[in-house]
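Student: If it helps, the file is called final-v7.pdb and holds PDB, C-alpha atoms:
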```pdb
ATOM      1  CA  MET A 747     -10.652  -8.169  12.203
ATOM      2  CA  GLU A 748      -8.157 -10.992  12.178
ATOM      3  CA  PRO A 749      -5.530 -10.275   9.551
ATOM      4  CA  LEU A 750      -3.247 -12.956   8.122
ATOM      5  CA  LEU A 751      -5.473 -15.910   8.905
ATOM      6  CA  LEU A 752      -3.715 -19.061   7.845
ATOM      7  CA  GLU A 753      -6.815 -20.735   6.499
ATOM      8  CA  SER A 754      -6.534 -19.023   3.128
ATOM      9  CA  THR A 755      -5.337 -21.214   0.316
ATOM     10  CA  GLY A 756      -2.119 -20.656  -1.571
ATOM     11  CA  VAL A 757       0.378 -17.818  -1.633
ATOM     12  CA  LEU A 758      -1.918 -15.418  -3.506
ATOM     13  CA  GLY A 759      -4.765 -16.096  -1.117
ATOM     14  CA  PHE A 760      -2.422 -15.602   1.790
ATOM     15  CA  LEU A 761      -1.110 -12.276   0.440
ATOM     16  CA  SER A 762      -4.596 -11.123  -0.525
ATOM     17  CA  GLN A 763      -5.785 -10.815   3.060
ATOM     18  CA  PRO A 764      -5.584  -7.358   4.621
ATOM     19  CA  TRP A 765      -2.132  -7.047   6.172
ATOM     20  CA  HIS A 766      -1.602  -6.337   9.840
ATOM     21  CA  TRP A 767      -0.115  -2.861  10.386
ATOM     22  CA  ALA A 768       3.077  -4.337  11.822
ATOM     23  CA  VAL A 769       3.592  -6.424   8.672
ATOM     24  CA  SER A 770       2.892  -3.396   6.473
ATOM     25  CA  GLY A 771       5.201  -1.110   8.446
ATOM     26  CA  THR A 772       8.028  -3.633   8.328
ATOM     27  CA  ALA A 773       7.537  -4.114   4.574
ATOM     28  CA  ILE A 774       7.748  -0.351   4.030
ATOM     29  CA  ALA A 775      10.961  -0.244   6.097
ATOM     30  CA  LEU A 776      12.343  -2.979   3.818
ATOM     31  CA  ILE A 777      11.611  -0.786   0.790
ATOM     32  CA  LEU A 778      13.594   1.994   2.500
ATOM     33  CA  PHE A 779      16.397  -0.505   3.147
ATOM     34  CA  THR A 780      16.416  -1.759  -0.454
ATOM     35  CA  MET A 781      16.456   1.746  -1.945
ATOM     36  CA  THR A 782      19.250   2.794   0.425
ATOM     37  CA  TRP A 783      21.220  -0.355  -0.354
ATOM     38  CA  MET A 784      20.812   0.390  -4.047
ATOM     39  CA  GLY A 785      22.398   3.757  -3.376
ATOM     40  CA  ARG A 786      19.325   5.925  -3.775
ATOM     41  CA  SER A 787      16.984   7.839  -1.498
ATOM     42  CA  PHE A 788      13.425   6.755  -0.799
ATOM     43  CA  GLY A 789      11.389   9.705  -2.021
ATOM     44  CA  VAL A 790       8.432   9.829  -4.371
ATOM     45  CA  SER A 791       7.576  13.517  -4.729
ATOM     46  CA  MET A 792      10.838  14.369  -6.545
ATOM     47  CA  ALA A 793       9.296  12.524  -9.496
ATOM     48  CA  PHE A 794       6.937  15.505  -9.940
ATOM     49  CA  LYS A 795       9.927  17.826 -10.293
ATOM     50  CA  SER A 796      11.515  15.533 -12.887
ATOM     51  CA  MET A 797       8.250  15.526 -14.816
ATOM     52  CA  CYS A 798       8.250  19.344 -14.860
ATOM     53  CA  THR A 799      11.818  19.288 -16.174
ATOM     54  CA  PHE A 800      10.851  16.621 -18.673
ATOM     55  CA  ALA A 801       8.067  18.888 -19.927
ATOM     56  CA  GLY A 802      10.608  21.663 -20.507
ATOM     57  CA  ALA A 803      10.293  23.777 -17.321
ATOM     58  CA  GLY A 804      14.110  23.870 -17.074
ATOM     59  CA  LYS A 805      14.333  26.133 -20.109
ATOM     60  CA  LYS A 806      12.798  29.050 -18.236
ATOM     61  CA  PHE A 807      13.198  28.312 -14.546
ATOM     62  CA  GLU A 808      16.455  27.680 -12.708
ATOM     63  CA  PHE A 809      14.855  25.282 -10.180
ATOM     64  CA  PHE A 810      14.044  22.792 -12.921
ATOM     65  CA  LYS A 811      17.458  22.977 -14.572
ATOM     66  CA  PHE A 812      19.139  19.641 -13.900
ATOM     67  CA  ASN A 813      20.052  16.545 -15.814
ATOM     68  CA  VAL A 814      16.836  14.549 -15.848
ATOM     69  CA  LYS A 815      18.808  11.416 -16.743
ATOM     70  CA  ASP A 816      19.994  11.319 -13.127
ATOM     71  CA  GLU A 817      16.371  10.865 -12.124
ATOM     72  CA  TYR A 818      15.406   8.132 -14.578
ATOM     73  CA  TRP A 819      15.694   5.586 -11.770
ATOM     74  CA  ARG A 820      13.016   7.431  -9.796
ATOM     75  CA  LEU A 821      10.709   7.621 -12.795
ATOM     76  CA  ALA A 822      11.230   3.867 -13.192
ATOM     77  CA  PHE A 823      10.334   3.494  -9.503
ATOM     78  CA  VAL A 824       7.047   5.418  -9.767
ATOM     79  CA  GLY A 825       6.279   3.598 -13.033
ATOM     80  CA  GLY A 826       6.743   0.388 -11.091
ATOM     81  CA  ALA A 827       4.371   1.716  -8.418
ATOM     82  CA  VAL A 828       1.651   2.096 -11.071
ATOM     83  CA  VAL A 829       2.235  -1.485 -12.227
ATOM     84  CA  GLY A 830       2.333  -2.653  -8.598
ATOM     85  CA  GLY A 831      -1.063  -1.046  -8.073
ATOM     86  CA  PHE A 832      -2.362  -2.837 -11.159
ATOM     87  CA  ILE A 833      -1.027  -6.209  -9.991
ATOM     88  CA  ALA A 834      -2.423  -5.705  -6.499
ATOM     89  CA  ALA A 835      -5.839  -4.781  -7.890
ATOM     90  CA  GLN A 836      -5.938  -7.696 -10.334
ATOM     91  CA  PHE A 837      -4.505 -10.527  -8.280
ATOM     92  CA  LEU A 838      -4.227  -9.532  -4.639
ATOM     93  CA  SER A 839      -7.342  -7.555  -3.821
ATOM     94  CA  SER A 840      -8.922  -8.294  -0.467
ATOM     95  CA  PRO A 841     -12.257 -10.090  -0.431
ATOM     96  CA  ASP A 842     -13.527  -7.571   2.127
ATOM     97  CA  PRO A 843     -13.671  -3.775   2.037
ATOM     98  CA  VAL A 844     -11.078  -1.787   3.993
ATOM     99  CA  ASP A 845     -12.028  -2.363   7.607
ATOM    100  CA  ILE A 846     -12.253   1.219   8.842
ATOM    101  CA  SER A 847     -13.655   1.944  12.282
ATOM    102  CA  GLY A 848     -17.380   2.038  12.949
ATOM    103  CA  SER A 849     -17.203   5.592  14.259
ATOM    104  CA  THR A 850     -15.624   6.785  11.000
ATOM    105  CA  ILE A 851     -18.365   5.008   9.035
ATOM    106  CA  ALA A 852     -21.014   6.687  11.199
ATOM    107  CA  HIS A 853     -19.390  10.090  10.786
ATOM    108  CA  LEU A 854     -19.131   9.650   6.991
ATOM    109  CA  LYS A 855     -22.871   8.970   6.921
ATOM    110  CA  ASP A 856     -23.368  12.500   8.247
ATOM    111  CA  TRP A 857     -21.431  13.678   5.196
ATOM    112  CA  ASN A 858     -23.706  11.605   2.918
ATOM    113  CA  ILE A 859     -21.033   9.004   2.284
ATOM    114  CA  GLU A 860     -22.545   5.527   2.581
ATOM    115  CA  TYR A 861     -19.282   3.716   3.141
ATOM    116  CA  TYR A 862     -20.336   0.186   2.287
ATOM    117  CA  LEU A 863     -21.650   1.252  -1.092
ATOM    118  CA  THR A 864     -18.026   1.759  -2.081
ATOM    119  CA  THR A 865     -17.316  -1.956  -1.900
ATOM    120  CA  ASP A 866     -18.139  -2.450  -5.588
ATOM    121  CA  GLU A 867     -15.348  -0.172  -6.636
ATOM    122  CA  GLY A 868     -11.962  -0.639  -5.063
ATOM    123  CA  SER A 869     -13.321  -1.799  -1.724
ATOM    124  CA  GLY A 870     -12.834   1.452   0.142
ATOM    125  CA  LEU A 871      -9.503   2.427  -1.357
ATOM    126  CA  PHE A 872     -10.602   5.632  -3.022
ATOM    127  CA  ASN A 873     -13.278   8.169  -2.154
ATOM    128  CA  THR A 874     -15.262   7.836  -5.358
ATOM    129  CA  PHE A 875     -18.170   9.652  -3.695
ATOM    130  CA  TRP A 876     -16.266  12.913  -4.065
ATOM    131  CA  PHE A 877     -13.709  12.046  -6.670
ATOM    132  CA  ASN A 878     -15.406  11.071  -9.918
ATOM    133  CA  PHE A 879     -15.597  12.810 -13.283
ATOM    134  CA  HIS A 880     -19.305  13.582 -12.839
ATOM    135  CA  ASN A 881     -18.790  15.663  -9.729
ATOM    136  CA  ALA A 882     -17.531  19.164 -10.560
ATOM    137  CA  GLY A 883     -17.084  20.011  -6.862
ATOM    138  CA  GLY A 884     -14.982  16.898  -6.376
ATOM    139  CA  ILE A 885     -12.793  17.772  -9.341
ATOM    140  CA  VAL A 886     -12.161  21.256  -7.906
ATOM    141  CA  LEU A 887     -11.405  19.710  -4.504
ATOM    142  CA  ALA A 888      -8.987  17.224  -6.072
ATOM    143  CA  ILE A 889      -7.200  19.972  -7.998
ATOM    144  CA  VAL A 890      -6.819  22.105  -4.863
ATOM    145  CA  GLY A 891      -5.701  19.121  -2.774
ATOM    146  CA  GLY A 892      -3.304  17.770  -5.383
ATOM    147  CA  PHE A 893      -1.825  21.226  -5.876
ATOM    148  CA  LEU A 894      -1.203  21.628  -2.121
ATOM    149  CA  VAL A 895       0.436  18.184  -1.959
ATOM    150  CA  GLY A 896       2.744  19.008  -4.884
ATOM    151  CA  PHE A 897       3.569  22.514  -3.674
ATOM    152  CA  GLY A 898       4.053  21.514  -0.037
ATOM    153  CA  SER A 899       6.234  18.523  -0.749
ATOM    154  CA  ARG A 900       8.623  20.541  -2.899
ATOM    155  CA  TYR A 901       8.693  23.511  -0.503
ATOM    156  CA  GLY A 902       9.490  21.190   2.396
ATOM    157  CA  ASP A 903      11.747  19.115   0.143
ATOM    158  CA  GLY A 904      10.003  15.837   0.868
ATOM    159  CA  CYS A 905       6.682  14.065   1.252
ATOM    160  CA  THR A 906       5.559  11.155   3.397
ATOM    161  CA  SER A 907       8.219   8.788   2.033
ATOM    162  CA  GLY A 908      11.090  11.286   2.204
ATOM    163  CA  HIS A 909      10.263  12.902   5.550
ATOM    164  CA  ALA A 910       7.896  10.675   7.552
ATOM    165  CA  ILE A 911       9.698   7.415   6.713
ATOM    166  CA  SER A 912      13.213   8.106   5.404
ATOM    167  CA  GLY A 913      13.944  11.357   7.266
ATOM    168  CA  LEU A 914      12.585  10.137  10.600
ATOM    169  CA  ALA A 915      14.459   6.818  10.231
ATOM    170  CA  HIS A 916      17.624   8.919   9.873
ATOM    171  CA  LEU A 917      16.541  10.918  12.967
ATOM    172  CA  GLN A 918      16.391  14.232  11.116
ATOM    173  CA  LEU A 919      14.919  17.232  12.965
ATOM    174  CA  PRO A 920      13.706  19.017   9.779
ATOM    175  CA  SER A 921      11.772  15.850   8.909
ATOM    176  CA  LEU A 922      10.175  15.750  12.365
ATOM    177  CA  LEU A 923       9.083  19.362  11.927
ATOM    178  CA  ALA A 924       7.680  18.578   8.480
ATOM    179  CA  VAL A 925       5.723  15.606   9.872
ATOM    180  CA  ILE A 926       4.356  17.790  12.696
ATOM    181  CA  GLY A 927       3.336  20.208   9.941
ATOM    182  CA  PHE A 928       1.647  17.369   7.990
ATOM    183  CA  PHE A 929      -0.526  16.704  11.026
ATOM    184  CA  ILE A 930      -1.277  20.349  11.813
ATOM    185  CA  GLY A 931      -2.457  20.792   8.200
ATOM    186  CA  GLY A 932      -4.296  17.472   8.120
ATOM    187  CA  LEU A 933      -6.140  18.096  11.388
ATOM    188  CA  LEU A 934      -7.030  21.641  10.336
ATOM    189  CA  MET A 935      -8.530  20.323   7.104
ATOM    190  CA  THR A 936     -10.286  17.301   8.647
ATOM    191  CA  TRP A 937     -11.758  19.091  11.671
ATOM    192  CA  GLY A 938     -11.944  22.703  10.486
ATOM    193  CA  ILE A 939     -12.394  23.112   6.753
ATOM    194  CA  LEU A 940     -13.992  19.899   5.422
ATOM    195  CA  PRO A 941     -16.864  20.049   7.987
ATOM    196  CA  LEU A 942     -17.687  23.529   6.678
ATOM    197  CA  LEU A 943     -18.068  22.050   3.188
ATOM    198  CA  PHE A 944     -19.801  18.782   4.025
ATOM    199  CA  GLY A 945     -21.012  18.909   7.642
TER
ATOM    200  CA  MET H1271      19.415  -3.145 -15.901
ATOM    201  CA  ARG H1272      19.804  -0.884 -12.885
ATOM    202  CA  ILE H1273      16.763   1.069 -14.027
ATOM    203  CA  PHE H1274      14.794  -2.152 -14.297
ATOM    204  CA  SER H1275      15.632  -3.090 -10.710
ATOM    205  CA  PHE H1276      14.148   0.217  -9.522
ATOM    206  CA  PHE H1277      11.083  -0.601 -11.567
ATOM    207  CA  LEU H1278      10.814  -3.897  -9.654
ATOM    208  CA  VAL H1279      11.184  -2.162  -6.281
ATOM    209  CA  GLY H1280       8.431   0.209  -7.443
ATOM    210  CA  ILE H1281       6.160  -2.777  -8.112
ATOM    211  CA  ALA H1282       6.824  -4.077  -4.595
ATOM    212  CA  PHE H1283       6.125  -0.588  -3.227
ATOM    213  CA  GLY H1284       2.801  -0.451  -5.085
ATOM    214  CA  ILE H1285       1.733  -3.837  -3.764
ATOM    215  CA  ILE H1286       2.860  -3.106  -0.186
ATOM    216  CA  LEU H1287       1.117   0.267   0.011
ATOM    217  CA  THR H1288      -2.040  -1.316  -1.398
ATOM    218  CA  LYS H1289      -2.071  -4.171   1.089
ATOM    219  CA  SER H1290      -1.202  -1.823   3.945
ATOM    220  CA  GLU H1291      -4.277   0.182   2.833
ATOM    221  CA  ALA H1292      -2.205   3.362   3.191
ATOM    222  CA  ILE H1293      -3.500   4.332  -0.271
ATOM    223  CA  SER H1294      -7.066   4.458   1.073
ATOM    224  CA  TRP H1295      -8.679   7.880   1.431
ATOM    225  CA  PHE H1296     -10.760   6.350   4.228
ATOM    226  CA  ARG H1297      -7.703   5.163   6.160
ATOM    227  CA  ILE H1298      -6.175   8.646   5.996
ATOM    228  CA  HIS H1299      -9.472  10.217   7.023
ATOM    229  CA  GLU H1300      -9.904   7.987  10.076
ATOM    230  CA  MET H1301      -6.237   8.618  10.956
ATOM    231  CA  PHE H1302      -6.837  12.364  11.116
ATOM    232  CA  ARG H1303      -9.981  11.666  13.162
ATOM    233  CA  PHE H1304      -7.974   9.477  15.581
ATOM    234  CA  GLU H1305     -10.532   6.698  15.179
ATOM    235  CA  ASN H1306      -8.166   3.852  14.386
ATOM    236  CA  PHE H1307      -4.608   2.900  15.261
ATOM    237  CA  HIS H1308      -3.974   1.299  11.847
ATOM    238  CA  MET H1309      -2.078   4.137  10.108
ATOM    239  CA  TYR H1310      -0.228   5.119  13.286
ATOM    240  CA  GLY H1311       0.850   1.497  13.656
ATOM    241  CA  ILE H1312       2.143   1.386  10.070
ATOM    242  CA  ILE H1313       4.054   4.671  10.282
ATOM    243  CA  SER H1314       5.605   3.997  13.679
ATOM    244  CA  THR H1315       6.605   0.416  12.743
ATOM    245  CA  ALA H1316       8.134   1.659   9.481
ATOM    246  CA  VAL H1317      10.065   4.409  11.282
ATOM    247  CA  ILE H1318      11.305   2.186  14.131
ATOM    248  CA  VAL H1319      12.316  -0.748  11.904
ATOM    249  CA  GLY H1320      13.695   1.731   9.350
ATOM    250  CA  ALA H1321      15.764   3.531  12.007
ATOM    251  CA  ILE H1322      17.216   0.220  13.240
ATOM    252  CA  LEU H1323      18.071  -0.811   9.663
ATOM    253  CA  MET H1324      19.667   2.558   8.843
ATOM    254  CA  TYR H1325      21.669   2.466  12.089
ATOM    255  CA  ALA H1326      22.828  -1.080  11.330
ATOM    256  CA  MET H1327      23.830  -0.104   7.787
ATOM    257  CA  LYS H1328      25.959   2.765   9.079
ATOM    258  CA  LYS H1329      27.523   0.856  11.990
ATOM    259  CA  LEU H1330      28.237  -2.603  10.573
ATOM    260  CA  PRO H1331      28.593  -1.179   7.887
ATOM    261  CA  ILE H1332      26.492  -2.650   5.112
ATOM    262  CA  LYS H1333      27.768  -0.788   2.068
ATOM    263  CA  THR H1334      25.524   0.265  -0.785
ATOM    264  CA  LEU H1335      25.863  -1.330  -4.221
ATOM    265  CA  ASP H1336      28.036   1.655  -5.166
ATOM    266  CA  GLY H1337      30.400   0.672  -2.342
ATOM    267  CA  ASN H1338      29.564   3.655  -0.116
ATOM    268  CA  VAL H1339      28.781   3.698   3.589
ATOM    269  CA  VAL H1340      25.249   4.987   4.129
ATOM    270  CA  SER H1341      25.063   8.664   4.965
ATOM    271  CA  TYR H1342      22.318  11.259   5.036
ATOM    272  CA  THR H1343      22.917  14.824   3.945
ATOM    273  CA  PRO H1344      21.061  16.894   6.553
ATOM    274  CA  MET H1345      18.792  19.652   5.311
ATOM    275  CA  LYS H1346      19.351  23.166   6.535
ATOM    276  CA  LEU H1347      16.955  23.577   9.422
ATOM    277  CA  ASN H1348      14.382  26.316   8.954
ATOM    278  CA  VAL H1349      11.455  26.027  11.333
ATOM    279  CA  THR H1350       9.120  28.297   9.353
ATOM    280  CA  ARG H1351       9.861  26.476   6.122
ATOM    281  CA  HIS H1352       9.566  22.933   7.390
ATOM    282  CA  ILE H1353       6.463  23.442   9.521
ATOM    283  CA  GLY H1354       4.880  25.732   6.922
ATOM    284  CA  ALA H1355       5.547  23.390   4.022
ATOM    285  CA  GLY H1356       4.311  20.512   6.170
ATOM    286  CA  VAL H1357       1.037  22.325   6.894
ATOM    287  CA  ILE H1358       0.485  23.012   3.174
ATOM    288  CA  PHE H1359       1.164  19.356   2.381
ATOM    289  CA  GLY H1360      -1.064  18.182   5.243
ATOM    290  CA  LEU H1361      -4.012  20.296   4.069
ATOM    291  CA  GLY H1362      -3.773  18.633   0.668
ATOM    292  CA  TRP H1363      -3.189  15.184   2.125
ATOM    293  CA  ALA H1364      -6.398  15.381   4.192
ATOM    294  CA  ILE H1365      -8.451  16.451   1.148
ATOM    295  CA  THR H1366      -7.137  13.899  -1.329
ATOM    296  CA  GLY H1367      -6.354  11.143   1.196
ATOM    297  CA  CYS H1368      -3.324  10.684  -0.971
ATOM    298  CA  CYS H1369       0.332  11.451  -0.651
ATOM    299  CA  PRO H1370       2.410  11.296  -3.855
ATOM    300  CA  GLY H1371       3.093   7.516  -3.850
ATOM    301  CA  PRO H1372      -0.570   6.474  -3.658
ATOM    302  CA  MET H1373      -1.485   8.818  -6.531
ATOM    303  CA  PHE H1374       0.603   6.625  -8.847
ATOM    304  CA  ILE H1375      -0.565   3.389  -7.236
ATOM    305  CA  LEU H1376      -4.279   4.294  -7.427
ATOM    306  CA  LEU H1377      -3.831   5.028 -11.128
ATOM    307  CA  GLY H1378      -2.576   1.455 -11.515
ATOM    308  CA  HIS H1379      -5.687   0.233  -9.701
ATOM    309  CA  GLY H1380      -7.733   1.715 -12.508
ATOM    310  CA  PHE H1381      -8.893   4.853 -10.691
ATOM    311  CA  PHE H1382      -8.254   7.098 -13.672
ATOM    312  CA  PHE H1383      -9.356  10.053 -11.594
ATOM    313  CA  ALA H1384      -5.895   9.860 -10.021
ATOM    314  CA  ILE H1385      -4.672  11.625 -13.193
ATOM    315  CA  VAL H1386      -6.364  14.777 -11.840
ATOM    316  CA  LEU H1387      -4.424  14.419  -8.585
ATOM    317  CA  LEU H1388      -1.128  13.745 -10.371
ATOM    318  CA  LEU H1389      -1.472  16.671 -12.786
ATOM    319  CA  SER H1390      -2.447  19.018  -9.944
ATOM    320  CA  ALA H1391       0.525  17.863  -7.872
ATOM    321  CA  ILE H1392       2.841  18.422 -10.846
ATOM    322  CA  LEU H1393       1.300  21.880 -11.273
ATOM    323  CA  GLY H1394       1.863  22.601  -7.558
ATOM    324  CA  THR H1395       5.493  21.531  -7.933
ATOM    325  CA  PHE H1396       5.871  23.761 -10.978
ATOM    326  CA  VAL H1397       4.368  26.812  -9.222
ATOM    327  CA  TYR H1398       6.709  26.219  -6.281
ATOM    328  CA  GLY H1399       9.671  26.257  -8.663
ATOM    329  CA  VAL H1400       8.469  29.555 -10.095
ATOM    330  CA  VAL H1401       7.813  31.368  -6.801
ATOM    331  CA  LYS H1402      10.424  29.695  -4.577
ATOM    332  CA  ASP H1403      12.689  32.731  -4.246
ATOM    333  CA  LYS H1404       9.855  34.661  -2.617
ATOM    334  CA  LEU H1405       9.421  32.075   0.182
ATOM    335  CA  PRO H1406      11.456  31.756   3.391
ATOM    336  CA  HIS H1407      13.981  28.905   3.186
TER
END
```
Please render this file's structure as structure tokens.

Tutor:
Amino acid sequence: MEPLLLESTGVLGFLSQPWHWAVSGTAIALILFTMTWMGRSFGVSMAFKSMCTFAGAGKKFEFFKFNVKDEYWRLAFVGGAVVGGFIAAQFLSSPDPVDISGSTIAHLKDWNIEYYLTTDEGSGLFNTFWFNFHNAGGIVLAIVGGFLVGFGSRYGDGCTSGHAISGLAHLQLPSLLAVIGFFIGGLLMTWGILPLLFG
Amino acid sequence: MRIFSFFLVGIAFGIILTKSEAISWFRIHEMFRFENFHMYGIISTAVIVGAILMYAMKKLPIKTLDGNVVSYTPMKLNVTRHIGAGVIFGLGWAITGCCPGPMFILLGHGFFFAIVLLLSAILGTFVYGVVKDKLPH
């Protein structure tokens, strides 16, 4: 893989290539910088809490009682993320599928996931083998997984953006512990639980 | 106007996370299998560059648009809570290959299935709010 080859034509062509991790990491740090400069924190998962409040959860539960107007900026931010995804998919999608490692591709084959068949749809961005509306097991898995992400990020008061990027950049010990937790949970699922279901 | 500028930063965020491929279930899966440096490279670059930028903002200082010097309100440290909550999050992250940001971004890509992830995450947040007093904090 040779990211950011200069032979591509035009700005869109240039941006459409897969980005080197160092470019991506720096760009994410610039988002953190911009949000901080604009006087706000870089955190996505709080949007879920605002949505609960928006739906009326604050009437019955203390935790959701706050002025949702103070969080409009964050809802605008996640709304922008949806539009950003749309723009990226329409105008900036890579000509090649996500270049994951050969050993991961071989391992996925053991789980009946033929990686390169995913290139038609989203070029390896989403596991449509599991997660599609025709697969009841995948829907259950998505509900369980999504629930754990929502529950865990509120319990720990932060997700990947708030803890792994923002919190660590501010050298916060609670964030380091949360990130260690992310990996304990992730490794347990990837090596312990998922192989029981698919191996 | 201010709201609109956050919308624009959100668009940039959506594009950056797409091009970084951090929204890919497959990237997250190979990260947890230690089979590629890609995600580790992204996270460590973001943290190192981010830490330098945050340090510079505090020291120079570069004030925020509100005219404040950058500060971070530390969370009360509770080892059980932060590790425990992290483990719960990590279990879900490894299943869905998605942290909260990518759920929104994938929806924009036209993966309407992401609605299932978003609604479940909102439900998880809601249940936390209901049971929170029973958990160690």

Student: Determine the residue set returned by the PyMOL selection byres ((chain A and resi 844-853) around 6) for the present structure, and present it as a PyMOL selection string.

Tutor: (chain A and resi 843+854-856+870) or (chain H and resi 1300)

Student: Any chance you can output those residues with C-alpha atoms as a CSV table (one decimal), in the frame of the given file?

Tutor:
```csv
chain,number,residue,atom,x,y,z
A,843,PRO,CA,-13.7,-3.8,2.0
A,854,LEU,CA,-19.1,9.6,7.0
A,855,LYS,CA,-22.9,9.0,6.9
A,856,ASP,CA,-23.4,12.5,8.2
A,870,GLY,CA,-12.8,1.5,0.1
H,1300,GLU,CA,-9.9,8.0,10.1
```

Student: Residues at most 8 Å from Ala793 (chain A), counting only C-alpha atoms, excluding those fewer than 2 positions away in the same chain, as number ranges by chain?

Tutor: A: 790-791, 795-797, 817, 820-821, 824

Student: Of the candidates A:Trp937, A:Phe779, A:Phe928, A:Phe944, which one gets nearest to Ile1332 (chain H) if we count all atoms listed in the file?

Tutor: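 That would be A:Phe779, the residue with the smallest distance to Ile1332 (chain H).
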
Student: Could you check how far CA of Ile1322 (chain H) sits from CA of Ser1341 (chain H), in Å to one decimal?

Tutor: 14.2 Å

Student: When distances are computed from all atoms listed in the file, which of A:Phe800, A:Phe877, A:Tyr862, A:Phe794 shows the smallest separation from Phe1374 (chain H)?

Tutor: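 Closest to Phe1374 (chain H), using all atoms listed in the file: A:Phe794.
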